[in-house]
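Read through the structure below, which is laid out as structure tokens, and then see the notes.
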Amino acid sequence: MRCLRIIAAATLASATLGAVAQGLPLPARFQGTGRACDGELVIQRQTILWSTPFSVCKAASYKLQDHDGNTGLARYTYRLDQTTSACRYRVISLTHDGNKPEDIGWEVTGYGDPKSYEQDKAAGFPNAGTPDMMSCYLTRTYSQRPRR
Amino acid sequence: MRKKTEFVKSRHQLWQDTIDQSRKDPRWHDYDCDIKRIVREFNQHLSGQGGYRPFDWRLIKAMIWTESGGAGQSLVETQPYADRKSGRPWFARPAIRRRRGKFDSPPELAKTLTESNARSTPQMNIRAGTAYLLMRLARFNTVSVIEVLDSVHTIEVRRGDTLSKIARTNGTTVETLKALNREAVALSPGMMLKFKKAAMRKMIAGWDQVTTSRIAQRYNVGDPGYAGKLNYCLAVMKNQSEVAPCAA
């Protein structure tokens with residue numbers, strides 16, 4: 001029994017360290033603002049969910065495609081394993097402006113086609129607004145009050 | 001990591017933090033002159049149409065910050081306004097135009113605005129967004145519009161004709177036929193009717209005033225805090241000194 005507990009604790013610690021090593025402590029919850037972006041982005045260890053008035057991506061499994069935390073603008077890019085017709089995006093790229101507090105200064109961009117993401121990346125992410133892209137400003141929220 | 005004793009902020013408080021951070025950024029004023037010019041263009045162009053009342057440019061600035069997350073965000077450098085719906089931009093979607101009526105934009109804008117530059121040029125994006133806002137605030141009526149340069153024609157009524165059939169086959173409207181033939185209470189074969197070319201068009205009959213609550217109702221889709229965000233931005237702007245005057 002004790003052995004099982006140790007294994008479980010080690011697994012949990014490993015998962016936590018893995019997430020922290022990737023730079024974004026999970027789960028992470030964000031809130032959008034405005035006409036096209038009101039809604040939420042929720043990144044869990046296994047699934048990602050992004051809901052806006054015009055696109056609803058229900059919780060789906062994903063792979064972390066890119067991670068760049070070395071510059072002032074941290075970026076985490078996730079590729080959804082599958083989408084539905086209500087979800088317009090296959091790739092979701094999240095950035096944070098390192099000059100701003102951790103609660104604010106987040107931005108998410110959805111790409112309908114993974115090729116659009118690759119093209120945007122190759123061009124240095126000019127955010128030029130190709131038709132299958134949508135970007136939204138986000139604030140990071142915390143669903144539960146932290147323990148005192 | 002977040003301190004354990006820190007209180008969790010509400011959505012609105014977080015958003016206020018965004019604006020408070022943004023107002024310290026010198027780029028907070030970057031589009032002021034553009035917005036003033038664009039709003040002036042619309043106010044001048046629409047003056048007198050259906051009782052249009054000019055509105056304050058600061059409302060557009062408040063919308064831009066509400067939509068984009070404030071100065072310094074990369075979104076502001078390309079699409080400060082709300083054209084971030086995937087696919088065709090909202091202002092160019094035929095379904096909206098059919099339902100709402102065609103919006104009469106300033107002539108220069110109608111010539112130069114494209115889907116592409118509304119997505120890539122901030123100033124055009126602001127123009128497109130402002131046009132869309134005003135289209136949402138316009139109240140349209142469908143009315144019969146006579147082609148003023150057309151002369152009066154006559155047509156003989158045949159068996160089985162109705163006013164709508166005559167209107168449809170002769171490029172006019174029932175309203176025009178009734179107006180030009182007031183004595184023709186009932187149709188009978190051989191009767192001669194006058195008509196002029198006319199069509200049914202959606203015209204601006206009036207406007208909802210441009211206020212934060214109206215913008216939240218008519219422009220916004222689902223953000224329940226929209227009006228509050230606009231009001232917060234306006235309050236922030238009220239307490240700030242004006243920027244340097246804009247070039248004419």
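Order determines the names: the first chain of the structure tokens is A, the second B, and so forth; residues in each chain are numbered 1 upward, and ligands are numbered 1 upward as they are shown.
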Could you give me, as a list of chain:residue names, the residues within 6 Å of Phe195 (chain B), counting only C-alpha atoms and dropping anything in the same chain fewer than 4 positions from it?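 Residues near the query, excluding close chain neighbours: B:Val152, B:His153, B:Leu177.
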Might you pull out every residue within 12 Å of region 108-110 of chain B, with only C-alpha atoms counted and same-chain residues fewer than 6 positions away left off, and present them as a PyMOL selection string? chain B and resi 38+41-42+45+91-92+102+117-118+123-131
Calculated over only C-alpha atoms, which of the candidates A:Ile48, A:Ile92, A:Val56, A:Met133 has the smallest distance to chain B?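 Looking only at the distances to chain B, the closest residue turns out to be A:Met133.
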Do you know which residues are at most 10 Å from Leu187 (chain B) counting only C-alpha atoms, after dropping those on the same chain fewer than 4 positions away, and could you put them as a list in words? Val157, Arg158, Arg159, Gly160, Asp161, Thr162, Leu163, Met191, Met192 and Leu193 of chain B
With a distance threshold of 9 Å and counting only C-alpha atoms, extract the residues of chain A near chain B and express them as a ChimeraX atom specification. /A:31-39,52-55,88,97,100,102-107,110,112,126-148
Those residues you just picked out, can you put them in a file as a short mmCIF file (atom, residue, chain, number, x, y, z; two decimals), in the first residue's frame with N, CA and C atoms?
data_model
loop_
_atom_site.label_atom_id
_atom_site.label_comp_id
_atom_site.auth_asym_id
_atom_site.auth_seq_id
_atom_site.Cartn_x
_atom_site.Cartn_y
_atom_site.Cartn_z
N GLN A 31 -10.26 34.01 -19.61
CA GLN A 31 -11.55 34.60 -19.96
C GLN A 31 -11.35 35.57 -21.12
N GLY A 32 -12.20 35.48 -22.15
CA GLY A 32 -12.11 36.39 -23.28
C GLY A 32 -12.97 37.62 -23.05
N THR A 33 -12.83 38.60 -23.91
CA THR A 33 -13.59 39.84 -23.80
C THR A 33 -14.07 40.28 -25.17
N GLY A 34 -15.25 40.91 -25.19
CA GLY A 34 -15.71 41.56 -26.41
C GLY A 34 -16.64 40.74 -27.28
N ARG A 35 -16.96 41.33 -28.42
CA ARG A 35 -17.98 40.80 -29.31
C ARG A 35 -17.71 39.37 -29.77
N ALA A 36 -16.52 39.16 -30.28
CA ALA A 36 -16.22 37.86 -30.88
C ALA A 36 -15.45 36.95 -29.94
N CYS A 37 -15.03 37.46 -28.79
CA CYS A 37 -14.08 36.70 -27.96
C CYS A 37 -14.58 36.38 -26.57
N ASP A 38 -15.75 36.88 -26.20
CA ASP A 38 -16.24 36.54 -24.87
C ASP A 38 -16.38 35.02 -24.76
N GLY A 39 -15.94 34.49 -23.65
CA GLY A 39 -15.97 33.03 -23.48
C GLY A 39 -14.77 32.61 -22.66
N THR A 52 -16.16 30.50 -27.72
CA THR A 52 -16.44 31.92 -28.03
C THR A 52 -17.83 31.98 -28.68
N PRO A 53 -18.37 33.19 -28.89
CA PRO A 53 -19.70 33.24 -29.50
C PRO A 53 -19.78 32.60 -30.89
N PHE A 54 -18.67 32.55 -31.61
CA PHE A 54 -18.72 32.05 -32.99
C PHE A 54 -18.03 30.71 -33.20
N SER A 55 -17.43 30.17 -32.18
CA SER A 55 -16.76 28.88 -32.31
C SER A 55 -16.76 28.20 -30.94
N ARG A 88 -13.85 25.89 -34.97
CA ARG A 88 -13.22 26.36 -36.20
C ARG A 88 -11.71 26.13 -36.23
N ASP A 97 2.54 38.28 -22.58
CA ASP A 97 3.51 39.37 -22.58
C ASP A 97 4.20 39.38 -21.21
N LYS A 100 3.91 42.08 -18.43
CA LYS A 100 2.65 42.33 -17.71
C LYS A 100 2.47 41.30 -16.60
N GLU A 102 0.94 38.29 -14.32
CA GLU A 102 0.55 36.97 -14.85
C GLU A 102 -0.95 36.84 -15.10
N ASP A 103 -1.76 37.71 -14.48
CA ASP A 103 -3.22 37.63 -14.67
C ASP A 103 -3.67 38.22 -16.00
N ILE A 104 -2.90 39.17 -16.51
CA ILE A 104 -3.36 39.89 -17.71
C ILE A 104 -2.30 39.80 -18.81
N GLY A 105 -2.64 40.34 -19.98
CA GLY A 105 -1.66 40.38 -21.07
C GLY A 105 -1.54 39.07 -21.84
N TRP A 106 -2.60 38.24 -21.81
CA TRP A 106 -2.61 36.99 -22.56
C TRP A 106 -3.33 37.19 -23.89
N GLU A 107 -2.93 36.40 -24.86
CA GLU A 107 -3.58 36.48 -26.16
C GLU A 107 -3.64 35.07 -26.74
N GLY A 110 -6.42 31.25 -32.79
CA GLY A 110 -6.84 29.96 -33.34
C GLY A 110 -6.54 29.92 -34.82
N GLY A 112 -7.42 27.66 -38.27
CA GLY A 112 -8.26 26.60 -38.80
C GLY A 112 -7.44 25.50 -39.44
N PRO A 126 3.30 37.68 -37.54
CA PRO A 126 2.90 39.09 -37.74
C PRO A 126 1.45 39.35 -37.35
N ASN A 127 0.69 38.30 -37.05
CA ASN A 127 -0.72 38.44 -36.70
C ASN A 127 -1.48 39.15 -37.81
N ALA A 128 -1.22 38.72 -39.03
CA ALA A 128 -1.75 39.42 -40.20
C ALA A 128 -3.20 39.09 -40.51
N GLY A 129 -3.79 38.21 -39.74
CA GLY A 129 -5.23 37.99 -39.88
C GLY A 129 -5.64 37.28 -41.15
N THR A 130 -5.08 36.11 -41.42
CA THR A 130 -5.57 35.33 -42.55
C THR A 130 -6.98 34.84 -42.22
N PRO A 131 -7.77 34.51 -43.25
CA PRO A 131 -9.18 34.25 -42.99
C PRO A 131 -9.48 33.14 -41.98
N ASP A 132 -8.60 32.16 -41.84
CA ASP A 132 -8.93 31.07 -40.90
C ASP A 132 -8.35 31.31 -39.51
N MET A 133 -7.88 32.51 -39.26
CA MET A 133 -7.31 32.84 -37.95
C MET A 133 -8.25 33.70 -37.14
N MET A 134 -8.22 33.54 -35.85
CA MET A 134 -8.89 34.50 -34.98
C MET A 134 -8.07 34.68 -33.71
N SER A 135 -7.87 35.92 -33.31
CA SER A 135 -7.10 36.20 -32.10
C SER A 135 -7.98 36.91 -31.08
N CYS A 136 -7.71 36.62 -29.83
CA CYS A 136 -8.49 37.21 -28.75
C CYS A 136 -7.59 37.58 -27.58
N TYR A 137 -7.93 38.67 -26.94
CA TYR A 137 -7.26 39.04 -25.69
C TYR A 137 -7.89 38.24 -24.54
N LEU A 138 -7.04 37.83 -23.60
CA LEU A 138 -7.55 37.02 -22.47
C LEU A 138 -6.99 37.54 -21.15
N THR A 139 -7.76 37.30 -20.10
CA THR A 139 -7.22 37.45 -18.75
C THR A 139 -7.25 36.06 -18.12
N ARG A 140 -6.29 35.83 -17.24
CA ARG A 140 -6.25 34.51 -16.59
C ARG A 140 -7.08 34.55 -15.33
N THR A 141 -7.93 33.60 -15.16
CA THR A 141 -8.82 33.59 -13.99
C THR A 141 -8.52 32.36 -13.14
N TYR A 142 -8.98 32.45 -11.93
CA TYR A 142 -8.79 31.33 -10.99
C TYR A 142 -10.14 30.98 -10.44
N SER A 143 -10.57 29.76 -10.68
CA SER A 143 -11.94 29.40 -10.33
C SER A 143 -12.13 29.22 -8.84
N GLN A 144 -11.04 28.93 -8.11
CA GLN A 144 -11.20 28.71 -6.68
C GLN A 144 -10.30 29.66 -5.91
N ARG A 145 -10.81 30.08 -4.78
CA ARG A 145 -10.03 30.95 -3.92
C ARG A 145 -8.85 30.15 -3.35
N PRO A 146 -7.62 30.65 -3.47
CA PRO A 146 -6.50 29.91 -2.93
C PRO A 146 -6.60 29.76 -1.41
N ARG A 147 -5.99 28.69 -0.92
CA ARG A 147 -6.03 28.49 0.54
C ARG A 147 -5.19 29.54 1.23
N ARG A 148 -5.65 29.95 2.40
CA ARG A 148 -4.88 30.90 3.18
C ARG A 148 -3.89 30.16 4.06
#
Here is a test: counting only C-alpha atoms, which residue of A:Thr83, A:His67, A:His96, A:Pro25 is nearest to Leu49 (chain A)?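 For Leu49 (chain A), the nearest of the candidates is A:Thr83.
Between CA of Gln82 (chain A) and CA of Lys58 (chain A) there is a distance of 10.2 Å.
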Write down as a tab-separated table (two decimals) with N, CA and C atoms, in the first residue's frame the residues of region 106-225 of chain B whose backbone DSSP state falls under alpha helix (DSSP H).
chain	number	residue	atom	x	y	z
B	107	PRO	N	-18.51	57.97	-49.13
B	107	PRO	CA	-18.09	57.49	-50.46
B	107	PRO	C	-16.64	57.01	-50.51
B	108	GLU	N	-15.75	57.72	-49.84
B	108	GLU	CA	-14.34	57.33	-49.87
B	108	GLU	C	-14.16	55.94	-49.26
B	109	LEU	N	-14.91	55.68	-48.20
B	109	LEU	CA	-14.80	54.39	-47.52
B	109	LEU	C	-15.32	53.28	-48.43
B	110	ALA	N	-16.45	53.54	-49.07
B	110	ALA	CA	-17.04	52.52	-49.94
B	110	ALA	C	-16.06	52.14	-51.06
B	111	LYS	N	-15.26	53.11	-51.50
B	111	LYS	CA	-14.32	52.84	-52.60
B	111	LYS	C	-13.10	52.05	-52.13
B	112	THR	N	-12.66	52.32	-50.91
B	112	THR	CA	-11.35	51.79	-50.50
B	112	THR	C	-11.40	50.61	-49.55
B	115	GLU	N	-12.16	43.47	-47.70
B	115	GLU	CA	-12.05	42.48	-46.62
B	115	GLU	C	-10.61	42.37	-46.16
B	116	SER	N	-9.72	42.42	-47.13
B	116	SER	CA	-8.31	42.22	-46.81
B	116	SER	C	-7.75	43.37	-45.98
B	117	ASN	N	-7.98	44.62	-46.43
B	117	ASN	CA	-7.37	45.72	-45.66
B	117	ASN	C	-8.07	45.97	-44.33
B	118	ALA	N	-9.32	45.51	-44.21
B	118	ALA	CA	-9.98	45.63	-42.90
B	118	ALA	C	-9.35	44.68	-41.89
B	119	ARG	N	-8.70	43.64	-42.40
B	119	ARG	CA	-8.04	42.69	-41.50
B	119	ARG	C	-6.59	43.06	-41.22
B	120	SER	N	-6.01	43.87	-42.09
B	120	SER	CA	-4.57	44.08	-41.96
B	120	SER	C	-4.18	45.53	-41.67
B	122	PRO	N	-4.94	48.86	-39.48
B	122	PRO	CA	-5.72	49.28	-38.31
B	122	PRO	C	-6.75	50.35	-38.63
B	123	GLN	N	-6.35	51.35	-39.42
B	123	GLN	CA	-7.28	52.45	-39.70
B	123	GLN	C	-8.50	51.96	-40.48
B	124	MET	N	-8.27	51.06	-41.45
B	124	MET	CA	-9.40	50.53	-42.21
B	124	MET	C	-10.26	49.62	-41.33
B	125	ASN	N	-9.59	48.92	-40.45
B	125	ASN	CA	-10.31	48.06	-39.51
B	125	ASN	C	-11.23	48.90	-38.62
B	126	ILE	N	-10.73	50.05	-38.18
B	126	ILE	CA	-11.55	50.94	-37.34
B	126	ILE	C	-12.74	51.48	-38.15
B	127	ARG	N	-12.48	51.83	-39.41
B	127	ARG	CA	-13.57	52.32	-40.27
B	127	ARG	C	-14.64	51.24	-40.45
B	128	ALA	N	-14.18	50.02	-40.74
B	128	ALA	CA	-15.13	48.92	-40.98
B	128	ALA	C	-15.95	48.66	-39.71
B	129	GLY	N	-15.29	48.67	-38.58
B	129	GLY	CA	-15.99	48.42	-37.32
B	129	GLY	C	-16.99	49.51	-37.00
B	130	THR	N	-16.62	50.75	-37.28
B	130	THR	CA	-17.52	51.87	-37.02
B	130	THR	C	-18.73	51.78	-37.95
B	131	ALA	N	-18.48	51.44	-39.21
B	131	ALA	CA	-19.59	51.29	-40.17
B	131	ALA	C	-20.54	50.19	-39.70
B	132	TYR	N	-19.98	49.10	-39.23
B	132	TYR	CA	-20.82	47.99	-38.76
B	132	TYR	C	-21.63	48.40	-37.54
B	133	LEU	N	-20.99	49.10	-36.62
B	133	LEU	CA	-21.70	49.58	-35.42
B	133	LEU	C	-22.90	50.43	-35.83
B	134	LEU	N	-22.66	51.38	-36.75
B	134	LEU	CA	-23.74	52.28	-37.15
B	134	LEU	C	-24.84	51.54	-37.89
B	135	MET	N	-24.43	50.52	-38.67
B	135	MET	CA	-25.45	49.73	-39.35
B	135	MET	C	-26.34	49.02	-38.33
B	136	ARG	N	-25.73	48.55	-37.25
B	136	ARG	CA	-26.51	47.87	-36.21
B	136	ARG	C	-27.44	48.85	-35.47
B	137	LEU	N	-27.05	50.14	-35.46
B	137	LEU	CA	-27.85	51.12	-34.73
B	137	LEU	C	-28.89	51.81	-35.61
B	163	LEU	N	-52.46	43.84	-59.16
B	163	LEU	CA	-51.47	44.92	-59.03
B	163	LEU	C	-50.06	44.36	-58.84
B	164	SER	N	-49.95	43.30	-58.03
B	164	SER	CA	-48.61	42.77	-57.78
B	164	SER	C	-48.03	42.12	-59.04
B	165	LYS	N	-48.90	41.48	-59.84
B	165	LYS	CA	-48.41	40.87	-61.09
B	165	LYS	C	-47.96	41.97	-62.07
B	166	ILE	N	-48.76	43.03	-62.17
B	166	ILE	CA	-48.40	44.14	-63.07
B	166	ILE	C	-47.09	44.79	-62.59
B	167	ALA	N	-46.99	44.96	-61.27
B	167	ALA	CA	-45.77	45.58	-60.73
B	167	ALA	C	-44.55	44.72	-61.04
B	168	ARG	N	-44.70	43.42	-60.83
B	168	ARG	CA	-43.56	42.51	-61.02
B	168	ARG	C	-43.12	42.48	-62.48
B	169	THR	N	-44.07	42.45	-63.40
B	169	THR	CA	-43.70	42.31	-64.81
B	169	THR	C	-43.26	43.64	-65.44
B	170	ASN	N	-43.49	44.74	-64.75
B	170	ASN	CA	-43.15	46.03	-65.35
B	170	ASN	C	-42.06	46.80	-64.58
B	174	VAL	N	-46.26	47.89	-56.19
B	174	VAL	CA	-47.69	48.05	-55.94
B	174	VAL	C	-47.97	49.44	-55.40
B	175	GLU	N	-47.08	49.91	-54.51
B	175	GLU	CA	-47.26	51.24	-53.91
B	175	GLU	C	-47.25	52.33	-54.98
B	176	THR	N	-46.36	52.20	-55.95
B	176	THR	CA	-46.28	53.21	-57.02
B	176	THR	C	-47.54	53.16	-57.88
B	177	LEU	N	-47.99	51.96	-58.20
B	177	LEU	CA	-49.21	51.82	-59.01
B	177	LEU	C	-50.40	52.47	-58.29
B	178	LYS	N	-50.50	52.20	-56.99
B	178	LYS	CA	-51.62	52.78	-56.22
B	178	LYS	C	-51.53	54.29	-56.18
B	179	ALA	N	-50.30	54.80	-56.00
B	179	ALA	CA	-50.12	56.25	-55.89
B	179	ALA	C	-50.46	56.97	-57.19
B	180	LEU	N	-50.14	56.33	-58.34
B	180	LEU	CA	-50.36	56.99	-59.63
B	180	LEU	C	-51.76	56.74	-60.21
B	212	THR	N	-23.42	53.59	-24.47
B	212	THR	CA	-22.76	52.34	-24.10
B	212	THR	C	-23.75	51.18	-23.99
B	213	SER	N	-24.95	51.46	-23.47
B	213	SER	CA	-25.90	50.35	-23.34
B	213	SER	C	-26.42	49.90	-24.70
B	214	ARG	N	-26.63	50.85	-25.63
B	214	ARG	CA	-27.07	50.47	-26.97
B	214	ARG	C	-25.99	49.68	-27.70
B	215	ILE	N	-24.74	50.11	-27.55
B	215	ILE	CA	-23.63	49.39	-28.20
B	215	ILE	C	-23.58	47.95	-27.66
B	216	ALA	N	-23.74	47.84	-26.34
B	216	ALA	CA	-23.69	46.51	-25.73
B	216	ALA	C	-24.83	45.63	-26.25
B	217	GLN	N	-25.98	46.25	-26.50
B	217	GLN	CA	-27.15	45.50	-26.98
B	217	GLN	C	-27.03	45.12	-28.45
B	218	ARG	N	-26.63	46.08	-29.28
B	218	ARG	CA	-26.76	45.92	-30.71
B	218	ARG	C	-25.49	45.45	-31.41
Shell around Asp56 (chain B) at 9 Å using only C-alpha atoms, local window under 6 positions removed, as a list in words: Lys36, Val39 and Val210 of chain B
Nearest to Gly51 (chain B) by atom-to-atom distance, counting only C-alpha atoms, from B:Val148, B:Cys33, B:Leu234, B:Ala205: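 Checking each of B:Val148, B:Cys33, B:Leu234, B:Ala205 against Gly51 (chain B), counting only C-alpha atoms, the winner is B:Ala205.
Taking CA of Gln209 (chain B) as the reference point, CA of Ile146 (chain B) is found at 29.7 Å.
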